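Student: One file is attached below, model-v2.txt, containing compact mmCIF, C-alpha atoms and all ligand atoms.
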# COMPACT_ATOMS: atom_id res chain seq x y z
CA MET A 17 -86.88 116.53 194.61
CA LYS A 18 -86.18 114.05 191.85
CA ARG A 19 -89.10 113.12 189.58
CA ARG A 20 -89.76 109.35 189.86
CA VAL A 21 -90.26 107.95 186.38
CA SER A 22 -91.05 104.62 184.71
CA ILE A 23 -90.79 103.75 181.04
CA LEU A 24 -93.09 101.19 179.39
CA GLY A 25 -91.40 100.12 176.16
CA ALA A 26 -87.95 101.25 177.34
CA THR A 27 -86.06 99.38 174.61
CA GLY A 28 -87.87 100.97 171.66
CA SER A 29 -87.24 104.15 169.72
CA VAL A 30 -89.23 106.45 172.05
CA GLY A 31 -88.08 104.49 175.12
CA THR A 32 -84.37 104.89 174.33
CA SER A 33 -84.82 108.60 173.51
CA THR A 34 -86.48 109.02 176.91
CA LEU A 35 -83.60 107.16 178.59
CA ASP A 36 -81.11 109.36 176.76
CA LEU A 37 -82.65 112.50 178.29
CA ILE A 38 -82.91 110.96 181.76
CA GLU A 39 -79.30 109.80 181.68
CA ARG A 40 -78.15 113.31 180.74
CA SER A 41 -79.84 114.75 183.86
CA PRO A 42 -79.49 112.08 186.57
CA GLU A 43 -79.91 114.78 189.25
CA ARG A 44 -83.50 115.36 188.09
CA PHE A 45 -84.86 111.83 187.72
CA GLU A 46 -85.07 108.57 189.61
CA VAL A 47 -85.93 105.52 187.49
CA ILE A 48 -88.43 103.19 189.14
CA ALA A 49 -89.42 100.64 186.45
CA LEU A 50 -88.46 99.78 182.87
CA THR A 51 -90.23 97.30 180.59
CA ALA A 52 -89.68 95.52 177.26
CA ALA A 53 -91.31 92.73 175.26
CA THR A 54 -88.39 90.40 174.42
CA ASP A 55 -85.17 92.46 174.42
CA THR A 56 -83.64 91.26 177.70
CA ARG A 57 -80.18 92.62 176.83
CA GLY A 58 -81.42 96.16 176.10
CA LEU A 59 -83.63 96.10 179.19
CA ALA A 60 -80.95 94.82 181.56
CA ASP A 61 -78.36 97.29 180.24
CA ALA A 62 -80.77 100.22 180.70
CA ALA A 63 -81.71 99.02 184.20
CA ARG A 64 -78.03 98.78 185.20
CA ARG A 65 -77.15 102.20 183.79
CA THR A 66 -80.10 104.00 185.42
CA GLY A 67 -80.28 102.07 188.71
CA ALA A 68 -83.90 101.10 187.99
CA ARG A 69 -85.60 99.16 190.77
CA LEU A 70 -87.81 96.94 188.60
CA ALA A 71 -87.24 95.49 185.12
CA VAL A 72 -90.18 93.73 183.47
CA ILE A 73 -90.01 91.53 180.40
CA ALA A 74 -93.44 90.83 178.89
CA ASP A 75 -92.33 87.46 177.49
CA SER A 76 -92.31 85.24 180.60
CA SER A 77 -90.06 82.62 178.98
CA ARG A 78 -87.18 85.14 179.22
CA LEU A 79 -87.37 85.77 182.96
CA THR A 80 -84.47 83.46 183.91
CA GLU A 81 -82.28 85.12 181.29
CA LEU A 82 -83.21 88.59 182.62
CA GLU A 83 -82.57 87.52 186.23
CA ALA A 84 -79.10 86.30 185.25
CA MET A 85 -78.32 89.58 183.51
CA LEU A 86 -79.38 91.60 186.57
CA ALA A 87 -77.51 89.44 189.11
CA GLY A 88 -75.57 91.58 191.55
CA THR A 89 -77.78 94.66 191.11
CA ASP A 90 -80.62 95.99 193.30
CA CYS A 91 -83.00 95.71 190.35
CA ARG A 92 -85.77 93.12 190.65
CA ALA A 93 -86.60 91.17 187.50
CA ALA A 94 -90.21 90.25 186.75
CA ALA A 95 -92.20 88.99 183.76
CA GLY A 96 -95.68 88.75 182.27
CA SER A 97 -98.74 90.95 182.16
CA ASP A 98 -99.28 91.33 185.93
CA ALA A 99 -95.72 92.58 186.26
CA LEU A 100 -96.32 95.04 183.40
CA MET A 101 -99.31 96.40 185.33
CA GLU A 102 -97.19 96.67 188.44
CA ALA A 103 -94.59 98.68 186.50
CA ALA A 104 -97.32 100.97 185.12
CA ALA A 105 -99.10 101.64 188.41
CA GLY A 106 -96.05 101.54 190.73
CA GLU A 107 -94.50 104.37 192.70
CA ALA A 108 -93.42 106.50 189.75
CA GLU A 109 -95.50 109.66 189.43
CA TRP A 110 -94.56 109.99 185.73
CA VAL A 111 -94.98 107.10 183.28
CA MET A 112 -93.84 107.06 179.66
CA ALA A 113 -96.31 104.93 177.64
CA ALA A 114 -94.15 103.83 174.71
CA ILE A 115 -95.26 100.27 174.05
CA VAL A 116 -96.26 99.89 170.40
CA GLY A 117 -99.82 98.88 169.58
CA CYS A 118 -102.94 97.98 171.50
CA ALA A 119 -100.70 95.74 173.66
CA GLY A 120 -100.01 98.92 175.63
CA LEU A 121 -103.66 99.60 176.46
CA GLU A 122 -103.98 97.74 179.76
CA PRO A 123 -100.72 99.10 181.23
CA VAL A 124 -101.73 102.66 180.20
CA MET A 125 -105.12 102.18 181.86
CA ALA A 126 -103.39 100.87 185.01
CA ALA A 127 -101.25 104.03 185.16
CA LEU A 128 -104.28 106.28 184.62
CA GLU A 129 -106.32 104.46 187.25
CA ALA A 130 -103.45 104.97 189.68
CA GLY A 131 -103.71 108.73 188.96
CA ARG A 132 -100.27 109.04 187.35
CA THR A 133 -99.03 111.56 184.82
CA VAL A 134 -98.89 109.56 181.61
CA ALA A 135 -96.66 110.77 178.78
CA LEU A 136 -98.53 109.16 175.90
CA ALA A 137 -96.61 108.01 172.82
CA ASN A 138 -98.71 104.84 172.45
CA LYS A 139 -101.38 106.36 170.19
CA GLU A 140 -102.92 102.96 169.31
CA ALA A 141 -104.16 102.63 172.92
CA LEU A 142 -106.00 105.96 172.73
CA VAL A 143 -107.38 105.24 169.24
CA SER A 144 -108.72 101.86 170.42
CA ALA A 145 -110.18 102.93 173.74
CA GLY A 146 -110.93 106.62 173.04
CA ALA A 147 -113.25 108.20 175.59
CA LEU A 148 -112.83 105.28 178.01
CA MET A 149 -109.25 106.35 178.44
CA THR A 150 -109.81 110.11 178.79
CA GLU A 151 -112.69 109.43 181.22
CA ALA A 152 -110.43 107.19 183.33
CA ALA A 153 -107.88 109.99 183.45
CA ALA A 154 -110.49 112.54 184.55
CA ARG A 155 -112.02 110.18 187.12
CA ASN A 156 -108.68 109.39 188.75
CA GLY A 157 -107.05 112.82 188.61
CA ALA A 158 -104.47 111.51 186.12
CA THR A 159 -102.86 113.70 183.45
CA ILE A 160 -102.23 112.68 179.85
CA LEU A 161 -99.34 114.58 178.25
CA PRO A 162 -99.08 114.12 174.47
CA VAL A 163 -95.68 112.91 173.27
CA ASP A 164 -96.50 112.49 169.60
CA SER A 165 -94.67 115.49 168.11
CA GLU A 166 -97.84 116.87 166.44
CA HIS A 167 -99.99 116.68 169.57
CA ASN A 168 -97.17 117.94 171.71
CA ALA A 169 -96.89 120.91 169.33
CA ILE A 170 -100.64 121.59 169.64
CA PHE A 171 -100.43 121.25 173.42
CA GLN A 172 -97.64 123.85 173.43
CA CYS A 173 -99.57 126.21 171.11
CA LEU A 174 -102.75 125.92 173.20
CA ALA A 175 -100.87 126.81 176.41
CA GLY A 176 -104.02 126.83 178.47
CA SER A 177 -106.37 128.51 175.92
CA SER A 178 -109.96 127.36 176.28
CA ARG A 179 -111.54 125.20 173.57
CA GLU A 180 -113.94 128.07 172.69
CA GLN A 181 -110.98 130.17 171.52
CA VAL A 182 -109.81 127.54 169.04
CA SER A 183 -111.27 127.36 165.54
CA LYS A 184 -109.25 124.42 164.22
CA LEU A 185 -106.20 122.22 164.66
CA ILE A 186 -103.84 121.55 161.75
CA LEU A 187 -101.77 118.37 161.95
CA THR A 188 -98.72 118.32 159.71
CA ALA A 189 -97.47 115.16 158.00
CA SER A 190 -94.14 114.67 156.22
CA GLY A 191 -95.89 112.60 153.56
CA GLY A 192 -93.54 109.66 154.20
CA PRO A 193 -91.14 107.96 151.80
CA PHE A 194 -93.73 107.63 149.00
CA ARG A 195 -94.97 111.23 148.99
CA THR A 196 -93.95 111.75 145.36
CA SER A 197 -94.30 108.12 144.19
CA THR A 198 -96.77 107.03 141.53
CA GLU A 199 -99.52 104.49 142.27
CA PRO A 200 -97.60 101.61 140.56
CA GLU A 201 -94.46 102.51 142.54
CA ILE A 202 -96.46 102.53 145.79
CA ARG A 203 -98.01 99.15 144.91
CA ALA A 204 -94.51 97.67 144.47
CA ALA A 205 -93.12 99.18 147.72
CA THR A 206 -91.01 96.80 149.83
CA PRO A 207 -90.80 96.74 153.65
CA ALA A 208 -87.24 98.15 153.45
CA GLN A 209 -88.45 101.12 151.37
CA ALA A 210 -91.48 101.67 153.61
CA VAL A 211 -89.48 101.88 156.86
CA ALA A 212 -86.95 104.34 155.39
CA HIS A 213 -88.62 107.52 156.65
CA PRO A 214 -87.15 110.68 155.10
CA ASN A 215 -87.03 112.79 158.32
CA TRP A 216 -87.66 110.73 161.47
CA SER A 217 -85.93 107.65 162.87
CA MET A 218 -88.67 105.48 164.44
CA GLY A 219 -89.78 101.90 165.14
CA ALA A 220 -90.84 99.71 162.18
CA LYS A 221 -94.61 99.80 162.78
CA ILE A 222 -94.98 103.60 162.98
CA SER A 223 -92.62 103.96 160.00
CA VAL A 224 -94.95 101.84 157.85
CA ASP A 225 -97.92 103.82 159.22
CA SER A 226 -96.17 107.01 158.13
CA ALA A 227 -95.69 105.57 154.66
CA THR A 228 -99.39 104.66 154.26
CA LEU A 229 -100.46 107.89 156.05
CA MET A 230 -102.39 105.70 158.51
CA ASN A 231 -100.16 107.31 161.13
CA LYS A 232 -101.80 110.66 160.37
CA GLY A 233 -105.21 108.99 160.48
CA LEU A 234 -104.47 107.54 163.93
CA GLU A 235 -103.24 111.00 164.96
CA LEU A 236 -106.47 112.58 163.77
CA ILE A 237 -108.40 110.28 166.13
CA GLU A 238 -105.82 110.89 168.85
CA ALA A 239 -106.20 114.69 168.47
CA HIS A 240 -109.98 114.40 168.71
CA HIS A 241 -109.70 112.60 172.08
CA LEU A 242 -106.89 114.73 173.48
CA PHE A 243 -108.27 118.14 172.55
CA GLY A 244 -112.03 117.49 172.27
CA LEU A 245 -112.56 118.88 168.74
CA PRO A 246 -114.73 117.18 166.08
CA SER A 247 -113.32 115.72 162.87
CA GLU A 248 -114.32 118.74 160.73
CA ARG A 249 -112.16 121.02 162.89
CA ILE A 250 -109.01 118.91 162.57
CA GLU A 251 -107.14 119.30 159.27
CA VAL A 252 -104.12 117.51 157.85
CA LEU A 253 -101.45 119.27 155.79
CA ILE A 254 -98.50 117.64 154.07
CA HIS A 255 -95.31 119.45 155.07
CA PRO A 256 -92.27 117.61 153.67
CA GLN A 257 -89.64 119.40 155.77
CA SER A 258 -91.09 118.24 159.17
CA VAL A 259 -90.10 121.55 160.74
CA VAL A 260 -93.57 122.86 161.64
CA HIS A 261 -94.84 120.11 163.93
CA SER A 262 -98.49 121.29 163.92
CA LEU A 263 -100.59 124.45 164.18
CA VAL A 264 -103.59 125.87 165.98
CA GLU A 265 -105.90 128.43 164.39
CA PHE A 266 -107.75 130.61 166.89
CA ILE A 267 -111.13 132.36 166.43
CA ASP A 268 -109.45 135.74 165.84
CA GLY A 269 -107.58 134.32 162.82
CA SER A 270 -104.22 134.01 164.60
CA VAL A 271 -102.34 130.82 163.84
CA LEU A 272 -99.71 129.54 166.27
CA ALA A 273 -97.25 126.83 165.29
CA GLN A 274 -94.48 124.97 167.08
CA LEU A 275 -91.27 124.49 165.09
CA GLY A 276 -88.12 122.48 165.71
CA SER A 277 -85.77 119.95 164.16
CA PRO A 278 -87.33 116.48 163.84
CA ASP A 279 -85.98 114.96 167.06
CA MET A 280 -88.36 113.13 169.41
CA ARG A 281 -86.26 114.20 172.38
CA VAL A 282 -87.86 117.68 172.14
CA PRO A 283 -91.49 116.60 172.76
CA ILE A 284 -90.34 113.90 175.21
CA ALA A 285 -88.36 116.50 177.20
CA PHE A 286 -91.37 118.80 177.24
CA ALA A 287 -93.44 116.00 178.78
CA LEU A 288 -90.63 114.91 181.15
CA THR A 289 -90.33 118.25 182.91
CA TRP A 290 -93.75 119.79 182.17
CA PRO A 291 -94.78 122.45 183.17
CA GLU A 292 -91.09 123.47 183.02
CA ARG A 293 -88.64 122.96 180.14
CA MET A 294 -85.26 121.22 180.10
CA ALA A 295 -82.25 121.59 177.81
CA THR A 296 -81.96 118.96 175.06
CA PRO A 297 -79.14 118.09 172.63
CA ALA A 298 -81.54 118.42 169.67
CA GLU A 299 -80.05 120.19 166.68
CA ARG A 300 -81.09 123.86 166.60
CA LEU A 301 -83.29 124.98 163.77
CA LYS A 302 -81.46 126.93 161.05
CA LEU A 303 -84.33 128.40 159.08
CA ALA A 304 -82.12 130.35 156.67
CA GLN A 305 -80.38 127.10 155.72
CA ILE A 306 -83.72 125.31 155.26
CA GLY A 307 -84.86 128.31 153.22
CA LYS A 308 -88.29 127.09 152.20
CA LEU A 309 -91.19 125.48 154.06
CA GLU A 310 -93.82 123.81 151.85
CA PHE A 311 -97.42 122.78 152.55
CA GLN A 312 -99.77 120.69 150.39
CA GLU A 313 -103.15 118.99 150.66
CA PRO A 314 -102.88 115.20 151.28
CA ASP A 315 -103.69 112.95 148.29
CA LEU A 316 -106.43 110.61 149.52
CA GLN A 317 -106.41 108.67 146.26
CA ARG A 318 -102.82 107.43 146.66
CA PHE A 319 -103.10 107.30 150.47
CA PRO A 320 -106.63 106.01 151.27
CA ALA A 321 -105.74 105.08 154.88
CA LEU A 322 -106.14 108.71 155.96
CA ARG A 323 -109.66 108.83 154.49
CA MET A 324 -110.57 105.56 156.26
CA ALA A 325 -109.35 106.84 159.61
CA ARG A 326 -111.41 110.01 159.25
CA GLN A 327 -114.47 107.91 158.34
CA ALA A 328 -113.87 105.68 161.38
CA LEU A 329 -113.66 108.73 163.63
CA GLU A 330 -116.88 110.16 162.20
CA GLN A 331 -118.67 106.80 162.33
CA GLY A 332 -117.61 106.26 165.96
CA GLY A 333 -118.76 103.14 167.80
CA ALA A 334 -116.25 100.33 167.44
CA ALA A 335 -114.89 101.61 164.10
CA PRO A 336 -111.67 103.18 165.50
CA THR A 337 -110.90 100.01 167.51
CA VAL A 338 -111.42 97.88 164.39
CA LEU A 339 -109.39 100.28 162.22
CA ASN A 340 -106.46 100.08 164.61
CA ALA A 341 -106.52 96.30 165.13
CA ALA A 342 -106.84 95.60 161.38
CA ASN A 343 -103.99 97.97 160.65
CA GLU A 344 -101.73 96.37 163.27
CA VAL A 345 -102.22 92.90 161.78
CA ALA A 346 -101.88 94.13 158.19
CA VAL A 347 -98.68 96.09 158.93
CA ALA A 348 -97.08 93.13 160.74
CA THR A 349 -97.96 90.87 157.79
CA PHE A 350 -96.55 93.39 155.30
CA LEU A 351 -93.34 93.67 157.35
CA ALA A 352 -93.10 89.86 157.31
CA GLY A 353 -93.16 90.02 153.50
CA ARG A 354 -96.43 88.13 153.09
CA ILE A 355 -98.61 90.87 151.56
CA GLY A 356 -98.04 93.93 149.41
CA PHE A 357 -97.97 97.53 150.64
CA THR A 358 -101.35 98.52 149.19
CA GLU A 359 -102.96 95.45 150.75
CA VAL A 360 -102.54 97.14 154.14
CA PRO A 361 -105.27 99.77 153.56
CA GLU A 362 -107.30 97.22 151.55
CA LEU A 363 -107.46 94.89 154.56
CA VAL A 364 -108.35 97.77 156.88
CA GLU A 365 -111.19 98.76 154.56
CA GLN A 366 -112.43 95.15 154.39
CA ALA A 367 -112.38 94.91 158.20
CA LEU A 368 -114.28 98.21 158.54
CA GLU A 369 -116.91 97.10 156.01
CA ARG A 370 -117.73 93.92 157.96
CA GLN A 371 -117.71 95.52 161.42
CA THR A 372 -121.04 95.81 163.22
CA SER A 373 -119.98 96.10 166.87
CA LEU A 374 -121.44 98.80 169.08
CA ALA A 375 -119.19 101.26 170.87
CA PRO A 376 -117.23 99.39 173.56
CA SER A 377 -118.36 100.35 177.04
CA SER A 378 -115.40 98.86 178.91
CA ILE A 379 -111.74 98.07 178.31
CA GLU A 380 -112.65 94.36 178.29
CA GLU A 381 -114.99 95.05 175.35
CA VAL A 382 -112.26 97.01 173.55
CA ILE A 383 -109.91 94.05 173.94
CA ALA A 384 -112.61 91.61 172.76
CA ILE A 385 -113.25 93.71 169.61
CA ASP A 386 -109.52 94.04 169.03
CA LEU A 387 -109.02 90.26 169.27
CA GLU A 388 -112.02 89.46 167.12
CA THR A 389 -110.78 91.86 164.42
CA ARG A 390 -107.29 90.36 164.52
CA LYS A 391 -108.80 86.91 163.96
CA ALA A 392 -110.98 88.13 161.09
CA VAL A 393 -108.11 89.94 159.37
CA GLY A 394 -105.91 86.87 159.88
CA ALA A 395 -108.54 84.82 157.99
CA MET A 396 -108.72 87.46 155.21
CA ILE A 397 -104.95 87.27 154.83
CA GLU A 398 -104.99 83.46 154.68
CA ALA A 399 -107.67 83.67 151.96
CA ARG A 400 -105.48 86.12 149.97
CA CYS A 401 -102.27 84.13 150.42
CA HIS A 402 -103.73 80.85 149.13
P1 LIG B 501 -90.57 100.41 168.89
O1 LIG B 501 -91.02 99.25 168.10
O2 LIG B 501 -89.25 101.02 168.60
O3 LIG B 501 -90.59 100.02 170.47
C1 LIG B 501 -91.69 99.41 171.06
C2 LIG B 501 -91.43 99.11 172.52
O4 LIG B 501 -92.56 98.39 173.05
C3 LIG B 501 -90.22 98.21 172.77
O5 LIG B 501 -89.69 98.50 174.04
C4 LIG B 501 -90.83 96.81 172.75
O6 LIG B 501 -90.03 95.86 173.44
C5 LIG B 501 -92.14 97.07 173.50
N1 LIG B 501 -93.21 96.16 173.12
C6 LIG B 501 -93.56 95.77 171.87
N2 LIG B 501 -94.59 94.89 171.91
C7 LIG B 501 -94.90 94.74 173.21
C8 LIG B 501 -95.85 93.93 173.91
N3 LIG B 501 -96.70 93.11 173.24
N4 LIG B 501 -95.89 93.99 175.26
C9 LIG B 501 -95.03 94.78 175.94
N5 LIG B 501 -94.09 95.55 175.34
C10 LIG B 501 -94.04 95.53 174.00
O7 LIG B 501 -91.72 101.50 168.81
P2 LIG B 501 -91.60 103.09 168.84
O8 LIG B 501 -90.75 103.51 170.00
O9 LIG B 501 -91.30 103.60 167.50
O10 LIG B 501 -93.10 103.49 169.15
C11 LIG B 501 -93.71 103.30 170.40
C12 LIG B 501 -95.06 104.00 170.40
O11 LIG B 501 -94.83 105.40 170.29
C13 LIG B 501 -95.96 103.62 169.22
O12 LIG B 501 -97.28 103.64 169.65
C14 LIG B 501 -95.73 104.74 168.23
O13 LIG B 501 -96.84 104.96 167.40
C15 LIG B 501 -95.51 105.92 169.17
N6 LIG B 501 -94.71 106.99 168.60
C16 LIG B 501 -93.43 106.74 168.19
C17 LIG B 501 -92.64 107.76 167.67
C18 LIG B 501 -91.22 107.50 167.27
O14 LIG B 501 -90.52 108.46 166.92
N7 LIG B 501 -90.73 106.29 167.28
C19 LIG B 501 -93.18 109.11 167.50
C20 LIG B 501 -94.51 109.27 168.01
C21 LIG B 501 -95.24 108.24 168.53
P3 LIG B 501 -88.87 95.01 172.61
O15 LIG B 501 -87.81 96.02 172.28
O16 LIG B 501 -88.41 94.00 173.60
O17 LIG B 501 -89.54 94.45 171.40
Represent the structure contained in this file as structure tokens.
Tutor:
Amino acid sequence: MKRRVSILGATGSVGTSTLDLIERSPERFEVIALTAATDTRGLADAARRTGARLAVIADSSRLTELEAMLAGTDCRAAAGSDALMEAAAGEAEWVMAAIVGCAGLEPVMAALEAGRTVALANKEALVSAGALMTEAAARNGATILPVDSEHNAIFQCLAGSSREQVSKLILTASGGPFRTSTEPEIRAATPAQAVAHPNWSMGAKISVDSATLMNKGLELIEAHHLFGLPSERIEVLIHPQSVVHSLVEFIDGSVLAQLGSPDMRVPIAFALTWPERMATPAERLKLAQIGKLEFQEPDLQRFPALRMARQALEQGGAAPTVLNAANEVAVATFLAGRIGFTEVPELVEQALERQTSLAPSSIEEVIAIDLETRKAVGAMIEARCH
């Protein structure tokens, strides 16, 4: 039996890596739906190659263009948020959630409410909605499989161990492109420098998050929700080689780690065929050539975003939703060249200081807090830019 799969965010970095694996094993997978925001060409090409039945473009003004590109195929073109929900909750039993940002939250929730297996790359959705998302999965018999390489590594190391047997989780971080930079160098960092990740090839937003270490902060919150451990039992270690993808320390003192070359196709493949494994073209690890694996404590002075994310996790309530929304706006504004690199964590801190919202009790409340924060951070940016 072929596994029926859909990919939300099919034209992005994670989406195209997922397509690469699926196209190498067409006998194992049937593609039901693919989605994108604006990239009609990438979406239509992927739909043609895979024989997808539904292609959804979030930007409704591009529907006619998409329809023209899919003329003569059996693939239906659709657009807008209802169509995105349809793609998420359709007939596929396995859904890759690879939209970037909180924009992916409602489609992820639609897939969970339909009881699907959700391969979760879209960490911002889980950071924003937290327990509401894991509760929806439990209530509907849905499964969340972590795709983020660190959480996928932990998932592999846990291999069914109960939470009582775990003493702590250790998330590794490459340290990003500014790991060895001085504070003045970091302050002067340009968008081009920030997206040039030393080990991983990724979309622009997560690349900037890796450079500020906010990515590791979001992952800390993600790990808390996925594995049910409190902040004090989740550590972060800088590991510049990105070979050890994360570790689990058990109560007997044993530490298990998952290693591999930095290629997202490995964790994606693990989620695609879980509980089995599939072959991938990822480069094999040559430890003798690498020679040395290093580990260091993170520097919270040069990279305050990690400290803020931990505080938001410990504070709870609406703080993680605010942290994420403020960061999304600040990163987009930095990428547009309107603010400096160190203004990204500054704006997040400012947004966290002014936030007073209670914990959201529904997805509608999460979205309202997200929108309100975006507006507030937009106003802070205008005030800075004038
Ligand atoms: P990209 O920017 O490369 O791709 C994002 C995808 O989402 C694209 O298909 C894009 O469509 C679509 N999209 C963007 N905005 C919207 C929107 N408002 N509505 C609907 N679709 C939208 O991102 P990545 O692939 O790098 O990352 C995706 C997610 O996975 C992020 O949450 C990231 O943190 C996470 N992740 C990524 C890793 C990586 O290696 N890249 C590793 C681990 C996690 P279009 O192309 O048309 O713009």
Student: Between CA of Leu100 (chain A) and CA of Leu288 (chain A), what is the distance, to one decimal in Å?
Tutor: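 Interatomic distance here is 20.8 Å.
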Student: Given all atoms listed in the file, how would the per-residue table for chain A near ligand LIG 501 (chain B) read, listing every residue at most 6 Å away with its closest atom pair and distance in Å to one decimal, sorted by chain and number, as CSV?
Tutor:
residue,atom,partner,partner_atom,distance
A:Gly25,CA,B:LIG501,O5,3.2
A:Ala26,CA,B:LIG501,O5,4.6
A:Thr27,CA,B:LIG501,O5,3.8
A:Gly28,CA,B:LIG501,O3,3.1
A:Ser29,CA,B:LIG501,O8,3.6
A:Val30,CA,B:LIG501,O8,3.9
A:Gly31,CA,B:LIG501,O8,5.9
A:Ala52,CA,B:LIG501,O6,3.9
A:Ala53,CA,B:LIG501,O16,3.6
A:Thr54,CA,B:LIG501,O16,3.7
A:Asp55,CA,B:LIG501,O16,3.7
A:Ala74,CA,B:LIG501,C9,5.2
A:Ala114,CA,B:LIG501,C11,4.4
A:Ile115,CA,B:LIG501,O4,3.4
A:Val116,CA,B:LIG501,C13,3.9
A:Gly117,CA,B:LIG501,O12,5.4
A:Ala119,CA,B:LIG501,N3,4.8
A:Ala137,CA,B:LIG501,O11,4.0
A:Asn138,CA,B:LIG501,O12,3.4
A:Lys139,CA,B:LIG501,O12,4.9
A:Glu140,CA,B:LIG501,O12,5.7
A:Asp164,CA,B:LIG501,C20,4.1
A:Met218,CA,B:LIG501,N7,3.6
A:Gly219,CA,B:LIG501,O9,3.3
A:Ala220,CA,B:LIG501,O1,5.9
A:Ile222,CA,B:LIG501,O13,5.0
A:Met280,CA,B:LIG501,O14,5.7
Student: Restricting the calculation to all atoms listed in the file, which member of A:Phe266, A:Phe243, A:Phe286, A:Phe171 is positioned closest to Thr34 (chain A)?
Tutor: A:Phe286
Student: With distances taken over all atoms listed in the file, which of A:Gly131, A:Pro162, A:Gly191, A:Gly353 is nearest to Pro207 (chain A)?
Tutor: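 Of A:Gly131, A:Pro162, A:Gly191, A:Gly353, the one nearest Pro207 (chain A) is A:Gly353, counting all atoms listed in the file.
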Student: Residues within 12 Å of Leu374 (chain A), please, as JSON, numbers by chain. Count all atoms listed in the file; anything in the same chain fewer than 2 positions from it doesn't count.
Tutor: {"A": [331, 332, 333, 334, 335, 336, 337, 338, 371, 372, 376, 377, 378, 381, 382, 384, 385]}
Student: Choose the residue, out of A:Glu81, A:Glu265, A:Glu344, A:Glu251, that has the smallest atom-to-atom separation from Arg323 (chain A); count all atoms listed in the file.
Tutor: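 Counting all atoms listed in the file, the residue closest to Arg323 (chain A) is A:Glu251.
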Student: For Val259 (chain A), which of A:Ala189, A:Asp75, A:Pro314, A:Ser217 is the closest residue, counting only C-alpha atoms?
Tutor: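 Counting only C-alpha atoms, the residue closest to Val259 (chain A) is A:Ala189.
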Student: Nearest to Ala273 (chain A) among A:Phe194, A:Glu180, A:Glu365, A:Asn168, with distances taken over all atoms listed in the file: which residue is it?
Tutor: A:Asn168
Student: If we count only C-alpha atoms, what is near region 83-86 of chain A at a cut-off of 8 Å, once residues fewer than 3 positions away on the same chain are taken out, given as a PyMOL selection string?
Tutor: chain A and resi 57+60+64+79-80+89+91-93
Student: Which one of A:Thr228, A:Ser178, A:Thr296, A:Asn215 sits closest to Arg203 (chain A) if you count all atoms listed in the file?
Tutor: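 Looking at the shortest contact to Arg203 (chain A), the residue is A:Thr228.
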Student: Could you give me, as CSV, a per-residue list for region 22-54 of chain A showing, wherever an atom lies at most 6 Å from an atom of region 109-113 of chain A, the closest pair of atoms and their distance in Å to one decimal, using only C-alpha atoms and sorting by chain then residue number from low to high?
Tutor:
residue,atom,partner,partner_atom,distance
A:Ser22,CA,A:Val111,CA,4.9
A:Ile23,CA,A:Met112,CA,4.7
A:Leu24,CA,A:Ala113,CA,5.2
Student: So the first atom is CA of Ile48 (chain A) and the second is CA of Ala108 (chain A); what is the distance between them in Å, to one decimal place?
Tutor: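 Straight-line distance from CA of Ile48 (chain A) to CA of Ala108 (chain A) works out to 6.0 Å.
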Student: Record the distance separating CA of Ala212 (chain A) and CA of Ile397 (chain A), expressed in Å with one decimal.
Tutor: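 Distance between the two atoms: 24.8 Å.
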Student: What lies within 10 Å of Leu263 (chain A) using all atoms listed in the file, ignoring chain neighbours under 3 positions off, as a PyMOL selection string?
Tutor: chain A and resi 166-167+169-174+184-188+251+253+260+266+271-275
Student: Contacts of Thr198 (chain A) at 12 Å or less, counting all atoms listed in the file, minus same-chain residues fewer than 3 places along, as a ChimeraX atom specification?
Tutor: /A:193-195,201-205,315,317-319
Student: Can you report as AutoDock Vina command-line options the centre and edge lengths in Å, to one decimal, of an axis-aligned box around the listed atoms of region 178-194 of chain A padded with 6 Å on each side?
Tutor:
--center_x -102.5 --center_y 118.9 --center_z 162.6 --size_x 34.8 --size_y 34.5 --size_z 39.3
